[in-house]
$ cat model_25.csv   # CSV, N, CA, C and O atoms
chain,number,residue,atom,x,y,z
T,191,ILE,N,0.8,-1.2,0.0
T,191,ILE,CA,0.0,0.0,0.0
T,191,ILE,C,0.9,1.2,0.0
T,191,ILE,O,0.6,2.2,-0.7
T,192,GLY,N,2.0,1.2,0.8
T,192,GLY,CA,2.9,2.4,0.8
T,192,GLY,C,3.5,2.7,-0.5
T,192,GLY,O,3.6,3.8,-0.9
T,193,VAL,N,4.0,1.6,-1.2
T,193,VAL,CA,4.6,1.8,-2.5
T,193,VAL,C,3.6,2.4,-3.5
T,193,VAL,O,3.9,3.3,-4.3
T,194,SER,N,2.4,1.8,-3.5
T,194,SER,CA,1.4,2.3,-4.4
T,194,SER,C,1.1,3.8,-4.1
T,194,SER,O,0.9,4.6,-5.1
T,195,GLY,N,1.0,4.1,-2.9
T,195,GLY,CA,0.7,5.5,-2.5
T,195,GLY,C,1.8,6.4,-3.0
T,195,GLY,O,1.6,7.5,-3.5
T,196,ALA,N,3.1,6.0,-2.8
T,196,ALA,CA,4.2,6.8,-3.2
T,196,ALA,C,4.3,7.0,-4.7
T,196,ALA,O,4.6,8.1,-5.2
T,197,ILE,N,3.9,5.9,-5.4
T,197,ILE,CA,3.9,6.0,-6.9
T,197,ILE,C,2.8,7.0,-7.3
T,197,ILE,O,3.0,7.9,-8.2
T,198,HIS,N,1.6,7.0,-6.7
T,198,HIS,CA,0.6,7.9,-7.0
T,198,HIS,C,0.9,9.4,-6.7
T,198,HIS,O,0.6,10.3,-7.5
T,199,VAL,N,1.6,9.6,-5.6
T,199,VAL,CA,2.0,10.9,-5.2
T,199,VAL,C,3.0,11.4,-6.2
T,199,VAL,O,2.9,12.6,-6.7
T,200,ALA,N,4.0,10.6,-6.6
T,200,ALA,CA,5.0,11.0,-7.6
T,200,ALA,C,4.3,11.3,-9.0
T,200,ALA,O,4.6,12.3,-9.6
T,201,TYR,N,3.3,10.5,-9.3
T,201,TYR,CA,2.6,10.7,-10.6
T,201,TYR,C,1.9,12.1,-10.6
T,201,TYR,O,2.0,12.8,-11.5
T,202,TYR,N,1.2,12.3,-9.5
T,202,TYR,CA,0.4,13.6,-9.4
T,202,TYR,C,1.4,14.8,-9.4
T,202,TYR,O,1.0,15.8,-10.0
T,203,LEU,N,2.5,14.7,-8.7
T,203,LEU,CA,3.4,15.8,-8.7
T,203,LEU,C,4.0,16.1,-10.1
T,203,LEU,O,4.1,17.2,-10.5
T,204,CYS,N,4.3,15.0,-10.8
T,204,CYS,CA,4.8,15.2,-12.2
T,204,CYS,C,3.7,15.7,-13.1
T,204,CYS,O,4.0,16.6,-13.9
T,205,LEU,N,2.5,15.3,-12.9
T,205,LEU,CA,1.4,15.7,-13.7
T,205,LEU,C,1.1,17.2,-13.5
T,205,LEU,O,1.0,18.0,-14.4
T,206,LEU,N,1.2,17.6,-12.2
T,206,LEU,CA,0.9,19.0,-11.9
T,206,LEU,C,2.1,19.9,-12.4
T,206,LEU,O,1.8,21.0,-13.0
T,207,ARG,N,3.3,19.4,-12.4
T,207,ARG,CA,4.4,20.2,-12.9
T,207,ARG,C,4.3,20.3,-14.5
T,207,ARG,O,4.5,21.3,-15.0
T,208,GLY,N,3.8,19.2,-15.1
T,208,GLY,CA,3.6,19.3,-16.5
T,208,GLY,C,2.5,20.3,-16.9
T,208,GLY,O,2.7,21.0,-17.9
T,209,TYR,N,1.5,20.3,-16.1
T,209,TYR,CA,0.4,21.3,-16.4
T,209,TYR,C,0.9,22.7,-16.2
T,209,TYR,O,0.4,23.6,-16.9
T,210,ARG,N,1.8,22.9,-15.2
T,210,ARG,CA,2.3,24.3,-15.0
T,210,ARG,C,3.2,24.7,-16.1
T,210,ARG,O,3.2,25.9,-16.5
T,211,LEU,N,4.0,23.8,-16.6
T,211,LEU,CA,5.0,24.2,-17.6
T,211,LEU,C,4.6,23.9,-19.1
T,211,LEU,O,5.2,24.6,-20.0
T,212,GLY,N,3.7,23.1,-19.3
T,212,GLY,CA,3.3,22.7,-20.7
T,212,GLY,C,1.9,23.1,-21.0
T,212,GLY,O,1.1,23.5,-20.2
T,213,ASP,N,1.6,22.8,-22.3
T,213,ASP,CA,0.3,23.1,-22.8
T,213,ASP,C,-0.6,21.9,-22.5
T,213,ASP,O,-0.2,20.7,-22.6
T,214,LEU,N,-1.8,22.1,-22.0
T,214,LEU,CA,-2.8,21.1,-21.6
T,214,LEU,C,-3.0,20.1,-22.8
T,214,LEU,O,-3.1,18.9,-22.5
T,215,SER,N,-3.1,20.6,-24.0
T,215,SER,CA,-3.3,19.7,-25.1
T,215,SER,C,-2.2,18.7,-25.4
T,215,SER,O,-2.3,17.8,-26.2
T,216,VAL,N,-1.0,19.0,-24.8
T,216,VAL,CA,0.1,18.1,-25.0
T,216,VAL,C,0.3,17.2,-23.7
T,216,VAL,O,0.5,16.0,-23.8
T,217,VAL,N,0.2,17.8,-22.6
T,217,VAL,CA,0.5,17.1,-21.3
T,217,VAL,C,-0.6,16.1,-21.0
T,217,VAL,O,-0.3,15.0,-20.7
T,218,TYR,N,-1.9,16.4,-21.2
T,218,TYR,CA,-2.9,15.5,-20.9
T,218,TYR,C,-2.9,14.2,-21.7
T,218,TYR,O,-2.9,13.1,-21.2
T,219,PRO,N,-2.8,14.3,-23.0
T,219,PRO,CA,-2.7,13.0,-23.8
T,219,PRO,C,-1.4,12.2,-23.5
T,219,PRO,O,-1.4,11.0,-23.5
T,220,LEU,N,-0.3,12.9,-23.3
T,220,LEU,CA,0.9,12.2,-22.9
T,220,LEU,C,0.8,11.5,-21.6
T,220,LEU,O,1.2,10.3,-21.4
T,221,ALA,N,0.1,12.1,-20.6
T,221,ALA,CA,-0.1,11.5,-19.3
T,221,ALA,C,-1.0,10.3,-19.5
T,221,ALA,O,-0.8,9.2,-18.8
T,222,ARG,N,-2.0,10.3,-20.3
T,222,ARG,CA,-2.9,9.2,-20.5
T,222,ARG,C,-2.3,8.1,-21.3
T,222,ARG,O,-2.6,6.9,-21.1
T,223,GLY,N,-1.4,8.5,-22.2
T,223,GLY,CA,-0.8,7.5,-23.2
T,223,GLY,C,0.3,6.7,-22.6
T,223,GLY,O,0.7,5.6,-23.1
T,224,THR,N,1.0,7.2,-21.5
T,224,THR,CA,2.1,6.5,-21.0
T,224,THR,C,1.7,5.3,-20.1
T,224,THR,O,2.5,4.4,-19.9
T,225,GLY,N,0.5,5.3,-19.7
T,225,GLY,CA,0.0,4.2,-18.8
T,225,GLY,C,0.1,2.8,-19.5
T,225,GLY,O,0.7,1.9,-18.9
T,226,PRO,N,-0.5,2.6,-20.7
T,226,PRO,CA,-0.3,1.3,-21.3
T,226,PRO,C,1.1,0.9,-21.6
T,226,PRO,O,1.4,-0.3,-21.4
T,227,LEU,N,1.9,1.9,-22.0
T,227,LEU,CA,3.3,1.6,-22.3
T,227,LEU,C,4.1,1.1,-21.0
T,227,LEU,O,4.7,0.1,-21.0
T,228,LEU,N,3.9,1.9,-19.9
T,228,LEU,CA,4.6,1.5,-18.7
T,228,LEU,C,4.0,0.2,-18.1
T,228,LEU,O,4.8,-0.6,-17.5
T,229,THR,N,2.8,0.0,-18.2
T,229,THR,CA,2.2,-1.2,-17.7
T,229,THR,C,2.8,-2.4,-18.5
T,229,THR,O,3.1,-3.5,-17.9
T,230,ALA,N,2.9,-2.3,-19.8
T,230,ALA,CA,3.4,-3.4,-20.6
T,230,ALA,C,4.9,-3.7,-20.2
T,230,ALA,O,5.3,-4.8,-20.1
T,231,ILE,N,5.7,-2.6,-20.0
T,231,ILE,CA,7.1,-2.8,-19.7
T,231,ILE,C,7.2,-3.4,-18.3
T,231,ILE,O,8.0,-4.3,-18.1
T,232,VAL,N,6.5,-2.9,-17.3
T,232,VAL,CA,6.6,-3.4,-16.0
T,232,VAL,C,6.2,-4.9,-15.9
T,232,VAL,O,6.8,-5.7,-15.3
T,233,ALA,N,5.1,-5.2,-16.6
T,233,ALA,CA,4.6,-6.6,-16.6
T,233,ALA,C,5.6,-7.5,-17.3
T,233,ALA,O,5.8,-8.6,-16.8
T,234,SER,N,6.3,-7.0,-18.3
T,234,SER,CA,7.3,-7.8,-19.0
T,234,SER,C,8.6,-8.0,-18.1
T,234,SER,O,9.1,-9.1,-18.0
T,235,VAL,N,9.0,-6.9,-17.6
T,235,VAL,CA,10.3,-7.0,-16.8
T,235,VAL,C,10.2,-7.5,-15.4
T,235,VAL,O,10.9,-8.4,-15.0
T,236,VAL,N,9.2,-7.0,-14.7
T,236,VAL,CA,9.1,-7.3,-13.3
T,236,VAL,C,8.3,-8.6,-13.1
T,236,VAL,O,8.7,-9.5,-12.3
T,237,LEU,N,7.2,-8.8,-13.8
T,237,LEU,CA,6.3,-9.9,-13.6
T,237,LEU,C,6.6,-11.1,-14.5
T,237,LEU,O,6.0,-12.1,-14.5
T,238,ASP,N,7.6,-10.9,-15.4
T,238,ASP,CA,8.0,-11.9,-16.4
T,238,ASP,C,6.9,-12.4,-17.2
T,238,ASP,O,6.8,-13.5,-17.6
T,239,GLU,N,6.0,-11.4,-17.6
T,239,GLU,CA,4.9,-11.7,-18.5
T,239,GLU,C,5.4,-11.7,-19.9
T,239,GLU,O,6.3,-11.0,-20.2
T,240,ILE,N,4.8,-12.5,-20.8
T,240,ILE,CA,5.2,-12.5,-22.2
T,240,ILE,C,4.1,-11.8,-23.0
T,240,ILE,O,2.9,-12.3,-23.0
T,241,LEU,N,4.4,-10.7,-23.6
T,241,LEU,CA,3.5,-10.0,-24.5
T,241,LEU,C,3.9,-10.3,-25.9
T,241,LEU,O,5.0,-10.0,-26.3
T,242,GLY,N,3.0,-10.9,-26.7
T,242,GLY,CA,3.3,-11.2,-28.1
T,242,GLY,C,3.5,-10.0,-29.0
T,242,GLY,O,3.3,-8.9,-28.6
T,243,ALA,N,3.8,-10.3,-30.2
T,243,ALA,CA,4.0,-9.3,-31.2
T,243,ALA,C,2.7,-8.4,-31.4
T,243,ALA,O,2.8,-7.2,-31.5
T,244,LYS,N,1.5,-9.1,-31.4
T,244,LYS,CA,0.3,-8.3,-31.6
T,244,LYS,C,0.0,-7.4,-30.4
T,244,LYS,O,-0.5,-6.3,-30.5
T,245,GLY,N,0.4,-7.9,-29.2
T,245,GLY,CA,0.2,-7.1,-28.0
T,245,GLY,C,1.1,-5.9,-28.0
T,245,GLY,O,0.7,-4.8,-27.7
T,246,TRP,N,2.4,-6.1,-28.4
T,246,TRP,CA,3.3,-4.9,-28.5
T,246,TRP,C,2.9,-4.0,-29.6
T,246,TRP,O,3.0,-2.7,-29.5
T,247,LEU,N,2.4,-4.5,-30.7
T,247,LEU,CA,1.9,-3.6,-31.8
T,247,LEU,C,0.7,-2.8,-31.3
T,247,LEU,O,0.5,-1.6,-31.6
T,248,GLY,N,-0.2,-3.4,-30.5
T,248,GLY,CA,-1.3,-2.7,-29.9
T,248,GLY,C,-0.8,-1.6,-29.0
T,248,GLY,O,-1.3,-0.4,-29.0
T,249,VAL,N,0.1,-1.9,-28.1
T,249,VAL,CA,0.7,-0.9,-27.2
T,249,VAL,C,1.3,0.3,-28.0
T,249,VAL,O,1.1,1.4,-27.7
T,250,LEU,N,2.1,-0.1,-29.0
T,250,LEU,CA,2.8,1.0,-29.8
T,250,LEU,C,1.8,1.8,-30.6
T,250,LEU,O,2.0,3.0,-30.8
T,251,GLY,N,0.7,1.1,-31.0
T,251,GLY,CA,-0.4,1.9,-31.7
T,251,GLY,C,-1.0,2.9,-30.8
T,251,GLY,O,-1.3,4.0,-31.2
T,252,ILE,N,-1.3,2.5,-29.6
T,252,ILE,CA,-1.9,3.5,-28.6
T,252,ILE,C,-0.9,4.6,-28.4
T,252,ILE,O,-1.3,5.8,-28.4
T,253,VAL,N,0.4,4.3,-28.1
T,253,VAL,CA,1.3,5.3,-27.9
T,253,VAL,C,1.5,6.3,-29.1
T,253,VAL,O,1.6,7.5,-29.0
T,254,ALA,N,1.5,5.7,-30.3
T,254,ALA,CA,1.6,6.5,-31.5
T,254,ALA,C,0.4,7.4,-31.7
T,254,ALA,O,0.5,8.6,-32.1
T,255,GLY,N,-0.8,6.9,-31.4
T,255,GLY,CA,-2.0,7.6,-31.5
T,255,GLY,C,-2.0,8.8,-30.6
T,255,GLY,O,-2.4,9.9,-30.9
T,256,ILE,N,-1.6,8.6,-29.3
T,256,ILE,CA,-1.5,9.6,-28.3
T,256,ILE,C,-0.5,10.7,-28.7
T,256,ILE,O,-0.7,11.9,-28.6
T,257,ALA,N,0.6,10.2,-29.3
T,257,ALA,CA,1.7,11.2,-29.7
T,257,ALA,C,1.2,12.0,-30.8
T,257,ALA,O,1.4,13.3,-30.9
T,258,LEU,N,0.4,11.5,-31.8
T,258,LEU,CA,-0.1,12.3,-32.9
T,258,LEU,C,-1.2,13.2,-32.4
T,258,LEU,O,-1.2,14.4,-32.9
T,259,ILE,N,-2.0,12.8,-31.4
T,259,ILE,CA,-3.0,13.7,-30.9
T,259,ILE,C,-2.3,14.9,-30.1
T,259,ILE,O,-2.7,16.0,-30.2
T,260,ALA,N,-1.3,14.5,-29.4
T,260,ALA,CA,-0.6,15.5,-28.5
T,260,ALA,C,0.1,16.6,-29.3
T,260,ALA,O,0.2,17.7,-28.8
T,261,GLY,N,0.7,16.2,-30.4
T,261,GLY,CA,1.5,17.3,-31.0
T,261,GLY,C,1.9,16.9,-32.5
T,261,GLY,O,2.5,17.7,-33.1
T,262,GLY,N,1.6,15.7,-32.9
T,262,GLY,CA,2.0,15.3,-34.2
T,262,GLY,C,3.5,15.3,-34.4
T,262,GLY,O,4.3,15.1,-33.5
T,263,PRO,N,3.9,15.7,-35.6
T,263,PRO,CA,5.4,15.7,-36.0
T,263,PRO,C,6.1,16.7,-35.1
T,263,PRO,O,7.3,16.6,-34.9
T,264,LYS,N,5.5,17.8,-34.7
T,264,LYS,CA,6.1,18.8,-33.9
T,264,LYS,C,6.6,18.3,-32.6
T,264,LYS,O,7.6,18.8,-32.0
T,265,LEU,N,6.0,17.2,-32.1
T,265,LEU,CA,6.3,16.6,-30.8
T,265,LEU,C,7.7,16.0,-30.9
T,265,LEU,O,8.5,16.0,-29.9
T,266,TRP,N,8.0,15.4,-32.0
T,266,TRP,CA,9.3,14.8,-32.2
T,266,TRP,C,10.4,15.8,-32.4
T,266,TRP,O,11.5,15.6,-32.2

$ encode --input "model_25.csv" --output "C-alpha cells"
Amino acid sequence: IGVSGAIHVAYYLCLLRGYRLGDLSVVYPLARGTGPLLTAIVASVVLDEILGAKGWLGVLGIVAGIALIAGGPKLW
C-alpha cells in the first residue's frame, strides 16, 4: 500500500508540474498514453509476462496515436 501511494504521489506531482510548464493539449494526452506503455514494460520486466507481437503492436499503436494527438510531428 505504501509503495502504491508513493507512486501515485509522484505521478500527481509530475502531472501538476507538466500542467504548469506545458500546454494542456500536450500534457494530458501524454499522461494518459504513458499508462499502457509503462504497464506493458513493468509486466514484462518485473512480472516476467510475455507480450506477443500483436500485444506490443497494440501498445505501440496506442502510444503513436496519443503522440499524434498531443503534437504530431512537432512533438518529435

$ residues_around --input "model_25.csv" --residues "Pro219 (chain T)" --least-positions-apart "2" --cutoff "8 Å" --atoms "all atoms listed in the file" --output "PDB file with N, CA, C and O atoms, in the coordinates of the input"
ATOM      1  N   ASP T 213       1.600  22.800 -22.300  1.00  0.00           N
ATOM      2  CA  ASP T 213       0.300  23.100 -22.800  1.00  0.00           C
ATOM      3  C   ASP T 213      -0.600  21.900 -22.500  1.00  0.00           C
ATOM      4  O   ASP T 213      -0.200  20.700 -22.600  1.00  0.00           O
ATOM      5  N   LEU T 214      -1.800  22.100 -22.000  1.00  0.00           N
ATOM      6  CA  LEU T 214      -2.800  21.100 -21.600  1.00  0.00           C
ATOM      7  C   LEU T 214      -3.000  20.100 -22.800  1.00  0.00           C
ATOM      8  O   LEU T 214      -3.100  18.900 -22.500  1.00  0.00           O
ATOM      9  N   SER T 215      -3.100  20.600 -24.000  1.00  0.00           N
ATOM     10  CA  SER T 215      -3.300  19.700 -25.100  1.00  0.00           C
ATOM     11  C   SER T 215      -2.200  18.700 -25.400  1.00  0.00           C
ATOM     12  O   SER T 215      -2.300  17.800 -26.200  1.00  0.00           O
ATOM     13  N   VAL T 216      -1.000  19.000 -24.800  1.00  0.00           N
ATOM     14  CA  VAL T 216       0.100  18.100 -25.000  1.00  0.00           C
ATOM     15  C   VAL T 216       0.300  17.200 -23.700  1.00  0.00           C
ATOM     16  O   VAL T 216       0.500  16.000 -23.800  1.00  0.00           O
ATOM     17  N   VAL T 217       0.200  17.800 -22.600  1.00  0.00           N
ATOM     18  CA  VAL T 217       0.500  17.100 -21.300  1.00  0.00           C
ATOM     19  C   VAL T 217      -0.600  16.100 -21.000  1.00  0.00           C
ATOM     20  O   VAL T 217      -0.300  15.000 -20.700  1.00  0.00           O
ATOM     21  N   ALA T 221       0.100  12.100 -20.600  1.00  0.00           N
ATOM     22  CA  ALA T 221      -0.100  11.500 -19.300  1.00  0.00           C
ATOM     23  C   ALA T 221      -1.000  10.300 -19.500  1.00  0.00           C
ATOM     24  O   ALA T 221      -0.800   9.200 -18.800  1.00  0.00           O
ATOM     25  N   ARG T 222      -2.000  10.300 -20.300  1.00  0.00           N
ATOM     26  CA  ARG T 222      -2.900   9.200 -20.500  1.00  0.00           C
ATOM     27  C   ARG T 222      -2.300   8.100 -21.300  1.00  0.00           C
ATOM     28  O   ARG T 222      -2.600   6.900 -21.100  1.00  0.00           O
ATOM     29  N   GLY T 223      -1.400   8.500 -22.200  1.00  0.00           N
ATOM     30  CA  GLY T 223      -0.800   7.500 -23.200  1.00  0.00           C
ATOM     31  C   GLY T 223       0.300   6.700 -22.600  1.00  0.00           C
ATOM     32  O   GLY T 223       0.700   5.600 -23.100  1.00  0.00           O
ATOM     33  N   THR T 224       1.000   7.200 -21.500  1.00  0.00           N
ATOM     34  CA  THR T 224       2.100   6.500 -21.000  1.00  0.00           C
ATOM     35  C   THR T 224       1.700   5.300 -20.100  1.00  0.00           C
ATOM     36  O   THR T 224       2.500   4.400 -19.900  1.00  0.00           O
ATOM     37  N   GLY T 225       0.500   5.300 -19.700  1.00  0.00           N
ATOM     38  CA  GLY T 225       0.000   4.200 -18.800  1.00  0.00           C
ATOM     39  C   GLY T 225       0.100   2.800 -19.500  1.00  0.00           C
ATOM     40  O   GLY T 225       0.700   1.900 -18.900  1.00  0.00           O
ATOM     41  N   ILE T 252      -1.300   2.500 -29.600  1.00  0.00           N
ATOM     42  CA  ILE T 252      -1.900   3.500 -28.600  1.00  0.00           C
ATOM     43  C   ILE T 252      -0.900   4.600 -28.400  1.00  0.00           C
ATOM     44  O   ILE T 252      -1.300   5.800 -28.400  1.00  0.00           O
ATOM     45  N   VAL T 253       0.400   4.300 -28.100  1.00  0.00           N
ATOM     46  CA  VAL T 253       1.300   5.300 -27.900  1.00  0.00           C
ATOM     47  C   VAL T 253       1.500   6.300 -29.100  1.00  0.00           C
ATOM     48  O   VAL T 253       1.600   7.500 -29.000  1.00  0.00           O
ATOM     49  N   GLY T 255      -0.800   6.900 -31.400  1.00  0.00           N
ATOM     50  CA  GLY T 255      -2.000   7.600 -31.500  1.00  0.00           C
ATOM     51  C   GLY T 255      -2.000   8.800 -30.600  1.00  0.00           C
ATOM     52  O   GLY T 255      -2.400   9.900 -30.900  1.00  0.00           O
ATOM     53  N   ILE T 256      -1.600   8.600 -29.300  1.00  0.00           N
ATOM     54  CA  ILE T 256      -1.500   9.600 -28.300  1.00  0.00           C
ATOM     55  C   ILE T 256      -0.500  10.700 -28.700  1.00  0.00           C
ATOM     56  O   ILE T 256      -0.700  11.900 -28.600  1.00  0.00           O
ATOM     57  N   ALA T 257       0.600  10.200 -29.300  1.00  0.00           N
ATOM     58  CA  ALA T 257       1.700  11.200 -29.700  1.00  0.00           C
ATOM     59  C   ALA T 257       1.200  12.000 -30.800  1.00  0.00           C
ATOM     60  O   ALA T 257       1.400  13.300 -30.900  1.00  0.00           O
ATOM     61  N   ILE T 259      -2.000  12.800 -31.400  1.00  0.00           N
ATOM     62  CA  ILE T 259      -3.000  13.700 -30.900  1.00  0.00           C
ATOM     63  C   ILE T 259      -2.300  14.900 -30.100  1.00  0.00           C
ATOM     64  O   ILE T 259      -2.700  16.000 -30.200  1.00  0.00           O
ATOM     65  N   ALA T 260      -1.300  14.500 -29.400  1.00  0.00           N
ATOM     66  CA  ALA T 260      -0.600  15.500 -28.500  1.00  0.00           C
ATOM     67  C   ALA T 260       0.100  16.600 -29.300  1.00  0.00           C
ATOM     68  O   ALA T 260       0.200  17.700 -28.800  1.00  0.00           O
TER      69      ALA T 260
END

$ residues_around --input "model_25.csv" --residues "Ala230 (chain T)" --least-positions-apart "5" --cutoff "8 Å" --atoms "only N, CA, C and O atoms" --output "JSON, numbers by chain"
{"T": [224, 225, 235, 236, 237, 239, 240, 241, 245, 249]}

$ select_by_dssp --input "model_25.csv" --residues "chain T" --states "helix (DSSP H, G or I)" --output "PyMOL selection string"
chain T and resi 192-211+214-235+243-260+262-265

$ atom_distance --input "model_25.csv" --atom1 "CA of Leu250 (chain T)" --atom2 "CA of Leu227 (chain T)"
7.5 Å

$ axis_aligned_box --input "model_25.csv" --around "region 209-213 of chain T" --padding-each-side "6 Å" --output "JSON"
{"center_x": 2.3, "center_y": 23.1, "center_z": -18.9, "size_x": 17.8, "size_y": 17.6, "size_z": 19.8}

$ atom_distance --input "model_25.csv" --atom1 "CA of Val199 (chain T)" --atom2 "CA of Gly248 (chain T)"
28.4 Å

$ atom_distance --input "model_25.csv" --atom1 "atom C of Tyr201 (chain T)" --atom2 "atom C of Ile231 (chain T)"
18.1 Å

$ closest_atom_pairs --input "model_25.csv" --of "region 202-263 of chain T" --to "region 195-198 of chain T" --cutoff "8 Å" --atoms "only N, CA, C and O atoms" --output "CSV"
residue,atom,partner,partner_atom,distance
T:Tyr202,N,T:His198,O,2.9
T:Leu203,N,T:His198,O,4.9
T:Cys204,N,T:His198,O,6.8
T:Leu205,N,T:His198,O,7.6

$ build_atoms --input "model_25.csv" --residues "region 236-244 of chain T" --atoms "all heavy atoms" --output "mmCIF file, keeping the file's coordinate frame"
data_model
loop_
_atom_site.group_PDB
_atom_site.id
_atom_site.type_symbol
_atom_site.label_atom_id
_atom_site.label_comp_id
_atom_site.auth_asym_id
_atom_site.auth_seq_id
_atom_site.Cartn_x
_atom_site.Cartn_y
_atom_site.Cartn_z
ATOM 1 N N VAL T 236 9.200 -7.000 -14.700
ATOM 2 C CA VAL T 236 9.100 -7.300 -13.300
ATOM 3 C C VAL T 236 8.300 -8.600 -13.100
ATOM 4 O O VAL T 236 8.700 -9.500 -12.300
ATOM 5 C CB VAL T 236 8.416 -6.159 -12.485
ATOM 6 C CG1 VAL T 236 8.190 -6.530 -11.032
ATOM 7 C CG2 VAL T 236 9.266 -4.898 -12.581
ATOM 8 N N LEU T 237 7.200 -8.800 -13.800
ATOM 9 C CA LEU T 237 6.300 -9.900 -13.600
ATOM 10 C C LEU T 237 6.600 -11.100 -14.500
ATOM 11 O O LEU T 237 6.000 -12.100 -14.500
ATOM 12 C CB LEU T 237 4.866 -9.502 -13.694
ATOM 13 C CG LEU T 237 4.405 -8.414 -12.727
ATOM 14 C CD1 LEU T 237 2.985 -8.010 -13.037
ATOM 15 C CD2 LEU T 237 4.553 -8.881 -11.291
ATOM 16 N N ASP T 238 7.600 -10.900 -15.400
ATOM 17 C CA ASP T 238 8.000 -11.900 -16.400
ATOM 18 C C ASP T 238 6.900 -12.400 -17.200
ATOM 19 O O ASP T 238 6.800 -13.500 -17.600
ATOM 20 C CB ASP T 238 8.662 -13.076 -15.625
ATOM 21 C CG ASP T 238 9.582 -13.868 -16.536
ATOM 22 O OD1 ASP T 238 10.124 -13.284 -17.492
ATOM 23 O OD2 ASP T 238 9.749 -15.082 -16.294
ATOM 24 N N GLU T 239 6.000 -11.400 -17.600
ATOM 25 C CA GLU T 239 4.900 -11.700 -18.500
ATOM 26 C C GLU T 239 5.400 -11.700 -19.900
ATOM 27 O O GLU T 239 6.300 -11.000 -20.200
ATOM 28 C CB GLU T 239 3.748 -10.726 -18.352
ATOM 29 C CG GLU T 239 3.020 -10.804 -17.034
ATOM 30 C CD GLU T 239 2.101 -11.999 -16.937
ATOM 31 O OE1 GLU T 239 1.564 -12.418 -17.977
ATOM 32 O OE2 GLU T 239 1.925 -12.503 -15.822
ATOM 33 N N ILE T 240 4.800 -12.500 -20.800
ATOM 34 C CA ILE T 240 5.200 -12.500 -22.200
ATOM 35 C C ILE T 240 4.100 -11.800 -23.000
ATOM 36 O O ILE T 240 2.900 -12.300 -23.000
ATOM 37 C CB ILE T 240 5.432 -13.909 -22.688
ATOM 38 C CG1 ILE T 240 6.580 -14.526 -21.907
ATOM 39 C CG2 ILE T 240 5.716 -13.909 -24.186
ATOM 40 C CD1 ILE T 240 6.784 -15.999 -22.188
ATOM 41 N N LEU T 241 4.400 -10.700 -23.600
ATOM 42 C CA LEU T 241 3.500 -10.000 -24.500
ATOM 43 C C LEU T 241 3.900 -10.300 -25.900
ATOM 44 O O LEU T 241 5.000 -10.000 -26.300
ATOM 45 C CB LEU T 241 3.566 -8.496 -24.209
ATOM 46 C CG LEU T 241 2.473 -7.629 -24.796
ATOM 47 C CD1 LEU T 241 1.103 -8.082 -24.295
ATOM 48 C CD2 LEU T 241 2.686 -6.188 -24.414
ATOM 49 N N GLY T 242 3.000 -10.900 -26.700
ATOM 50 C CA GLY T 242 3.300 -11.200 -28.100
ATOM 51 C C GLY T 242 3.500 -10.000 -29.000
ATOM 52 O O GLY T 242 3.300 -8.900 -28.600
ATOM 53 N N ALA T 243 3.800 -10.300 -30.200
ATOM 54 C CA ALA T 243 4.000 -9.300 -31.200
ATOM 55 C C ALA T 243 2.700 -8.400 -31.400
ATOM 56 O O ALA T 243 2.800 -7.200 -31.500
ATOM 57 C CB ALA T 243 4.388 -9.886 -32.562
ATOM 58 N N LYS T 244 1.500 -9.100 -31.400
ATOM 59 C CA LYS T 244 0.300 -8.300 -31.600
ATOM 60 C C LYS T 244 0.000 -7.400 -30.400
ATOM 61 O O LYS T 244 -0.500 -6.300 -30.500
ATOM 62 C CB LYS T 244 -0.884 -9.299 -31.735
ATOM 63 C CG LYS T 244 -0.909 -9.995 -33.071
ATOM 64 C CD LYS T 244 -2.110 -10.903 -33.185
ATOM 65 C CE LYS T 244 -2.096 -11.663 -34.485
ATOM 66 N NZ LYS T 244 -3.237 -12.574 -34.594
#
